[in-house]
Amino acid sequence: MSYSTNMRFRLPALAIGLEILIIILFGIFVRYDTHNLTDPHNNSTSGYSQFLSLYPLFQDVHVMIFVGFGFLMTFLKRYGFSSVGINMLIAALGLQWGILMQGFWHLHDGKIEVDILKMINADFSTATVLISFGAVLGKTSPVQMLFMAIIEIAVFACNEHLAGYLQASDIGASMTIHTFGAYFGLAAAVVLYRPSLKNGHDNEGSVYHSDLFAMIGTLFLWMFWPSFNSAIADHGINQQMAIINTYFSLAASVLTAYAVSSLVEHKGKLDMVHIQNATLAGGVAVGTCADMNIGPFGAMIIGFTAGIISTIGFKYLTPFLSAKLHIQDTCGVHNLHGLPGILGGLAGIVAAAIGAKEGCSPVMQGAALAATLGISVVGGTLTGFILKLPFWGQPPDPNCYDDSIYWEVPLEEPEQEHQYQDEHGKIKSDA
Amino acid sequence: MSYSTNMRFRLPALAIGLEILIIILFGIFVRYDTHNLTDPHNNSTSGYSQFLSLYPLFQDVHVMIFVGFGFLMTFLKRYGFSSVGINMLIAALGLQWGILMQGFWHLHDGKIEVDILKMINADFSTATVLISFGAVLGKTSPVQMLFMAIIEIAVFACNEHLAGYLQASDIGASMTIHTFGAYFGLAAAVVLYRPSLKNGHDNEGSVYHSDLFAMIGTLFLWMFWPSFNSAIADHGINQQMAIINTYFSLAASVLTAYAVSSLVEHKGKLDMVHIQNATLAGGVAVGTCADMNIGPFGAMIIGFTAGIISTIGFKYLTPFLSAKLHIQDTCGVHNLHGLPGILGGLAGIVAAAIGAKEGCSPVMQGAALAATLGISVVGGTLTGFILKLPFWGQPPDPNCYDDSIYWEVPLEEPEQEHQYQDEHGKIKSDA
Amino acid sequence: MSYSTNMRFRLPALAIGLEILIIILFGIFVRYDTHNLTDPHNNSTSGYSQFLSLYPLFQDVHVMIFVGFGFLMTFLKRYGFSSVGINMLIAALGLQWGILMQGFWHLHDGKIEVDILKMINADFSTATVLISFGAVLGKTSPVQMLFMAIIEIAVFACNEHLAGYLQASDIGASMTIHTFGAYFGLAAAVVLYRPSLKNGHDNEGSVYHSDLFAMIGTLFLWMFWPSFNSAIADHGINQQMAIINTYFSLAASVLTAYAVSSLVEHKGKLDMVHIQNATLAGGVAVGTCADMNIGPFGAMIIGFTAGIISTIGFKYLTPFLSAKLHIQDTCGVHNLHGLPGILGGLAGIVAAAIGAKEGCSPVMQGAALAATLGISVVGGTLTGFILKLPFWGQPPDPNCYDDSIYWEVPLEEPEQEHQYQDEHGKIKSDA
């Protein structure tokens with residue numbers, strides 16, 4: 001791989017070109033939704049009142065996307081700038097692109113009318129790319145990630161529309177976001193397989209403070225997950241159940257994640273990788289049936305199971321997949337989003353079968369899960385082949401997981417010399 | 001102390017056993033609150049509308065519990081994983097347990113009906129344990145903390161019920177949470193006294209970045225404290241006053257905390273311990289009378305006083321308690337929660353006496369404060385004796401305040417060697 | 001400069017004196033706003049319902065002030081305590097002072113009646129000082145900053161009142177906060193010019209983790225900026241447009257900030273300074289016309305332009321201003337707040353001219369911008385001369401950008417020795 005990793009021209013041209021294209025499309029297709037806004041004093045749950053009452057949930061989701069995903073990936077010792085910085089770049093592009101890709105399926109008079117639900121959904125659409133980003137983290141260039149965002153969000157919007165067409169219920173998107181994002185990213189990772197990294201890489205570990213930064217991401221994801229799973233739910237009892245179910249499922253998955261981490265680790269110690277990730281599995285897995293009448297204890301059983309599966313996945317499955325199936329999954333998204341996402345899809349089938357939500361059919365739930373798996377794997381594989389083209393500035397193997405290839409990086413430690421002022425008033429140091 | 005600190009089996013068995021017990025109890029006793037939810041378009045301040053309008057305040061409290069308390073305790077240089085991680089474990093268990101312990105006092109048809117107020121109260125109940133955690137931080141095992149959570153929340157729910165029975169007003173819980181949590185933890189700390197730590201421990205200090213991590217905790221606690229003190233207040237003017245009073249009390253305590261820190265420290269310098277903690281004392285101390293008509297200036301007088309008392313407590317009282325009374329209070333919870341909590345209780349007595357809230361009696365306020373002090377000290381002492389049993393895996397003295405006894409800990413610094421690819425495509429390093 | 005930098009007495013006397021003065025003024029002038037609160041079940045958009053519906057937006061702004069501004073400035077390797085700590089001190093004083101300074105222009109029966117809008121505006125008023133703080137960061141003492149806060153907020157309240165008198169529209173305060181704060185601070189920086197720093201200072205750079213801390217600030221500012229620009233907007237479509245416009249403007253400025261950063265930096269690499277700051281320029285620049293009917297694409301054009309201007313400013317203008325005009329702008333506030341603020345003011349003139357908001361006159365918009373520039377420069381210059389007096393404890397040149405002059409600072413690194421317990425039970429270390 002002797003191609004240059006210099007981003008100059010490639011990144012500016014792509015970013016500015018895409019932004020200009022998006023602005024033109026917005027100029028043609030996008031306008032404010034002004035329905036139900038004629039009377040600002042009308043406090044019904046539509047229109048203005050809905051905007052403000054859902055705005056806090058939107059902001060919680062917004063924090064999950066930018067701080068949650070961004071900092072969760074800062075666990076790598078030398079890759080924090082890219083994790084939080086490229087996360088921001090992907091999401092800022094993705095939310096604009098998501099408005100268009102999702103909006104084209106729901107035009108009013110040929111226009112996309114932006115309201116709070118469209119903004120929430122735009123943030124959702126970026127989540128799929130950020131999940132996939134976790135699978136290829138450290139092994140891709142910013143230009144590759146912008147391309148992946150453009151393709152993946154377009155495919156996501158189609159798959160989501162298909163799930164809606166099937167009348168499948170997936171309020172917290174265990175299937176359409178988590179399963180989709182994970183298998184899309186993993187399929188791309190297979191194509192982008194790097195043999196020389198199969199025994200790991202010196203940059204791949206964490207340092208003490210990078211693990212603490214990652215906990216910022218974990219906690220904001222964990223706390224605001226009830227908003228993620230309820231933001232677009234039907235108002236009233238469904239939305240309320242989505243919040244309550246997610247709250248309890250997450251709590252249960254914390255207990256089992258800690259338990260299994262201690263059980264499988266050397267000397268019964270806890271492993272930060274498990275704590276940062278598997279504690280969130282309850283939020284993923286309860287997604288599909290969050291707004292169904294499964295009872296708080298039903299939600300807790302889902303979270304309980306998810307925490308176990310996820311931790312075991314990190315401990316045993318990820319090394320296996322890497323060694324045997326050429327799947328190099330940097331952040332272990334298979335364990336946080338893939339397996340718990342499938343668990344969520346399966347739970348949705350069971351919940352539909354026992355009648356936990358009116359109008360839900362277990363067959364259609366299953367069809368949506370299968371379609372999601374198929375479309376994400378095919379889409380990710382094709383995307384992987386595009387990203388494998390040699391001119392996107394991807395890092396050579398020795399420079400993987402290293403910010404300094406795309407970022408100006410300061411020295412790690414402050415210099416310890418002492419300064420003084422000389423007779424001419426200049427600052428000097430004795431180093 | 002030659003007992004093993006290996007958590008394998010002990011921690012998994014306890015965590016999974018408790019979670020299964022809780023799921024069973026939830027299956028029997030807990031269901032959604034569906035009152036007032038028949039009409040989702042009904043926007044009265046009960047039912048659905050209440051759920052969504054209080055949800056942002058719940059989320060603020062949630063952030064205080066998980067990010068606020070968690071990061072506030074990361075100031076120790078080698079104990080960040082435990083601070084933020086065990087905080088999360090305690091809180092995830094505690095909020096489930098709190099639903100049950102508080103709910104058993106308020107059954108409807110033999111059931112606990114979960115609504116947003118019960119979720120807020122569940123988070124509140126975990127706060128008591130997290131405060132007590134601060135007193136014994138670095139000297140206990142995760143298993144001990146799970147036990148403490150189970151016992152303390154049960155006792156807390158009884159004491160809180162008693163305060164309600166006495167018709168004492170304590171909207172921001174200066175007494176029932178802060179005073180209770182502090183003295184419960186301090187009583188346990190006395191029982192768990194470790195003579196060899198009386199001259200301090202090399203791990204007990206902070207490093208530069210650990211102090212910055214702690215400020216994340218401080219600021220989220222500080223900003224969202226108005227939500228903590230108002231979340232369960234009566235709607236209308238009382239809730240509004242609780243927000244306003246807390247906002248101004250906190251602002252005043254910042255000014256006096258900085259002032260006194262500079263006054264008592266070497267060369268007039270500021271001490272991060274004071275800034276991280278005493279700036280919050282205004283939130284604690286205004287809690288009891290937050291929803292009373294004490295006037296913004298009345299709230300500021302309370303915060304002004306609390307900032308002074310708290311900072312002086314850190315500087316002079318904590319060393320004295322450690323040296324003379326065998327109270328080793330790792331985070332100084334006596335100064336942040338104990339003293340300001342009592343100040344809050346006393347302020348409530350005065351406010352009741354001057355008629356700042358209808359129906360409040362100074363005698364009953366005093367009775368609630370006295371009951372809280374008595375019950376917390378007795379409960380904490382008994383808990384301390386249980387935790388002193390030698391088989392909970394507590395750390396030996398030299399390993400106190402050290403994550404590595406319960407956690408896989410990465411090397412502190414990234415390795416500085418450079419990598420290259422050899423002729424066979426393998427990554428090598430020149431270190 | 002042989003004057004002492006010891007803050008003892010100066011800082012405590014000033015902080016406590018100001019707090020006592022403020023409490024007295026609050027006792028005389030400030031009371032709760034109880035209008036429209038007689039019926040707590042009345043859910044109209046005034047009174048109680050307004051309080052709770054705007055409270056989440058208030059909290060977003062609150063997070064921007066304390067976490068956003070505070071952590072954004074922690075990028076300096078040795079100045080994190082001061083950045084986040086003095087930011088907190090300024091803001092806690094400023095919000096109390098802001099209630100008074102703004103409230104004196106809007107008395108009811110001789111009283112200032114505190115409601116949620118007054119609390120939002122109080123937080124806003126502190127933003128001006130925090131922006132100015134960025135210009136003089138590292139070169140001033142806490143006492144100087146308290147003085148600056150007192151003066152600047154008083155001048156800000158007058159200028160804001162003048163803008164209102166001119167019937168200029170500036171909902172997100174591109175002019176009255178960002179332009180004002182930037183040029184006030186820059187004018188003061190000119191007066192406080194330190195010739196010996198003209199070639200930089202060894203402490204002025206960042207380290208790896210300090211840049212990550214700064215990203216916490218960046219992201220919370222970025223995410224919550226829609227709340228900043230909409231919190232005090234008219235309810236209904238105007239508030240909704242303010243949220244939507246800001247959301248899209250910010251997203252567009254991210255794309256151009258990354259693009260231009262890569263374009264102008266060595267080898268096409270990204271520079272953290274640009275990412276931390278210029279990504280926010282879209283929020284600043286769309287402020288004035290956020291609530292106007294400029295269309296989502298109009299907002300994106302503003303953000304697009306702002307991201308470019310801001311990044312170019314950091315790269316080329318800041319070094320020029322420092323070398324040629326004696327403007328030492330530590331955080332580059334001219335590029336984040338000054339230039340994008342003026343761009344916002346100009347965009348407001350254009351938007352008014354094309355009739356994007358009823359009742360807006362381009363002439364009056366221009367007058368408000370000109371007045372803001374004039375008043376901020378004059379006010380900042382005069383304040384600079386006051387702050388230049390030699391007895392405020394300002395740091396000597398070699399100690400600039402160094403926490404240890406005003407803070408107790410721990411050692412940077414944990415000691416690596418191992419501890420053991422000797423035969424007498426004492427903890428010893430083998431270091």
# chains A, B, ... in the order shown; residues from 1 in each chain; ligands from 1

call {"tool": "residues_around", "arguments": {"residues": "segment 182-197 of chain C", "least_positions_apart": "4", "cutoff": "7 Å", "atoms": "only C-alpha atoms", "output": "PyMOL selection string"}}
result
(chain A and resi 425-427) or (chain C and resi 131-133+135-136+178+201+326-329+333-334+337-338+373+376-377+379-381+383-385+388)

call {"tool": "write_last_selection", "arguments": {"atoms": "N, CA, C and O atoms", "output": "compact mmCIF listing (two decimals), in the first residue's frame"}}
result
# COMPACT_ATOMS: atom_id res chain seq x y z
N GLY A 425 13.65 40.54 29.08
CA GLY A 425 12.20 40.35 29.16
C GLY A 425 11.69 39.19 28.34
O GLY A 425 10.50 38.97 28.27
N LYS A 426 12.59 38.42 27.75
CA LYS A 426 12.16 37.27 26.98
C LYS A 426 11.93 36.07 27.91
O LYS A 426 12.64 35.90 28.89
N ILE A 427 10.93 35.25 27.52
CA ILE A 427 10.68 34.04 28.29
C ILE A 427 11.66 32.96 27.83
O ILE A 427 11.78 32.69 26.64
N ILE C 131 -16.86 34.59 26.96
CA ILE C 131 -16.22 34.80 25.66
C ILE C 131 -15.00 35.70 25.81
O ILE C 131 -13.91 35.39 25.33
N SER C 132 -15.19 36.80 26.51
CA SER C 132 -14.06 37.71 26.74
C SER C 132 -12.94 37.02 27.52
O SER C 132 -11.76 37.26 27.27
N PHE C 133 -13.34 36.17 28.47
CA PHE C 133 -12.36 35.40 29.24
C PHE C 133 -11.44 34.62 28.30
O PHE C 133 -10.22 34.53 28.52
N ALA C 135 -10.36 35.42 25.46
CA ALA C 135 -9.35 36.27 24.82
C ALA C 135 -8.16 36.53 25.74
O ALA C 135 -7.03 36.68 25.28
N VAL C 136 -8.42 36.59 27.04
CA VAL C 136 -7.35 36.92 27.99
C VAL C 136 -6.95 35.72 28.84
O VAL C 136 -6.22 35.85 29.83
N HIS C 178 -22.25 37.40 21.09
CA HIS C 178 -21.00 36.90 20.51
C HIS C 178 -20.10 38.03 20.03
O HIS C 178 -18.92 38.09 20.38
N HIS C 201 4.49 31.00 24.10
CA HIS C 201 4.88 30.65 25.46
C HIS C 201 4.88 29.12 25.53
O HIS C 201 4.02 28.48 24.93
N HIS C 326 -0.87 43.58 18.04
CA HIS C 326 -0.76 43.41 19.49
C HIS C 326 -2.02 42.85 20.12
O HIS C 326 -2.35 43.17 21.25
N ILE C 327 -2.73 42.02 19.37
CA ILE C 327 -3.92 41.37 19.92
C ILE C 327 -3.59 39.91 20.19
O ILE C 327 -3.48 39.11 19.27
N GLN C 328 -3.39 39.59 21.47
CA GLN C 328 -3.06 38.21 21.85
C GLN C 328 -4.33 37.53 22.32
O GLN C 328 -4.77 37.70 23.44
N ASP C 329 -4.90 36.74 21.44
CA ASP C 329 -6.23 36.18 21.63
C ASP C 329 -6.08 34.68 21.93
O ASP C 329 -6.06 33.85 21.04
N VAL C 333 -11.02 33.79 20.18
CA VAL C 333 -12.44 34.13 20.22
C VAL C 333 -12.85 35.00 19.03
O VAL C 333 -14.03 35.04 18.67
N HIS C 334 -11.87 35.67 18.44
CA HIS C 334 -12.21 36.47 17.26
C HIS C 334 -12.74 35.58 16.13
O HIS C 334 -13.65 35.97 15.40
N HIS C 337 -16.23 33.76 17.79
CA HIS C 337 -17.35 34.62 18.15
C HIS C 337 -17.36 35.95 17.40
O HIS C 337 -18.42 36.46 17.06
N GLY C 338 -16.16 36.52 17.14
CA GLY C 338 -16.09 37.83 16.51
C GLY C 338 -16.54 37.81 15.06
O GLY C 338 -17.58 38.40 14.70
N LEU C 373 -20.64 46.95 18.17
CA LEU C 373 -19.20 47.02 17.94
C LEU C 373 -18.59 48.20 18.69
O LEU C 373 -17.57 48.06 19.37
N SER C 376 -18.83 47.73 22.62
CA SER C 376 -17.97 46.68 23.15
C SER C 376 -16.50 47.09 23.12
O SER C 376 -15.75 46.83 24.07
N VAL C 377 -16.09 47.76 22.04
CA VAL C 377 -14.68 48.16 21.95
C VAL C 377 -14.35 49.23 23.00
O VAL C 377 -13.33 49.14 23.69
N GLY C 379 -16.03 49.81 25.81
CA GLY C 379 -16.14 49.19 27.13
C GLY C 379 -14.95 48.29 27.44
O GLY C 379 -14.41 48.32 28.56
N GLY C 380 -14.54 47.51 26.47
CA GLY C 380 -13.41 46.61 26.69
C GLY C 380 -12.11 47.35 26.90
O GLY C 380 -11.29 46.96 27.74
N THR C 381 -11.94 48.45 26.15
CA THR C 381 -10.71 49.23 26.30
C THR C 381 -10.63 49.84 27.70
O THR C 381 -9.60 49.74 28.38
N THR C 383 -12.16 48.84 30.37
CA THR C 383 -11.96 47.75 31.33
C THR C 383 -10.52 47.29 31.32
O THR C 383 -9.93 47.01 32.38
N GLY C 384 -9.91 47.23 30.14
CA GLY C 384 -8.51 46.84 30.04
C GLY C 384 -7.61 47.75 30.86
O GLY C 384 -6.71 47.28 31.57
N PHE C 385 -7.88 49.05 30.80
CA PHE C 385 -7.04 49.97 31.58
C PHE C 385 -7.22 49.76 33.07
O PHE C 385 -6.26 49.84 33.85
N LYS C 388 -5.34 46.78 34.07
CA LYS C 388 -3.89 46.94 33.96
C LYS C 388 -3.27 47.49 35.23
O LYS C 388 -2.05 47.43 35.41

call {"tool": "residues_around", "arguments": {"residues": "segment 70-82 of chain A", "least_positions_apart": "5", "cutoff": "6 Å", "atoms": "only C-alpha atoms", "output": "VMD selection string"}}
result
chain A and resid 87 205 to 207 210 to 211 214 217 to 218 401 to 403

call {"tool": "interface_residues", "arguments": {"of": "chain A", "to": "chain B", "cutoff": "6 Å", "atoms": "only C-alpha atoms", "output": "list in words"}}
result
Thr45, Ser196, Val207, Tyr208, Gly236, Ala251, Leu255, Ala259, Ser262, Leu263, Lys267, Gly268, Lys269, Leu270, Asp271, Phe297 and Pro398 of chain A
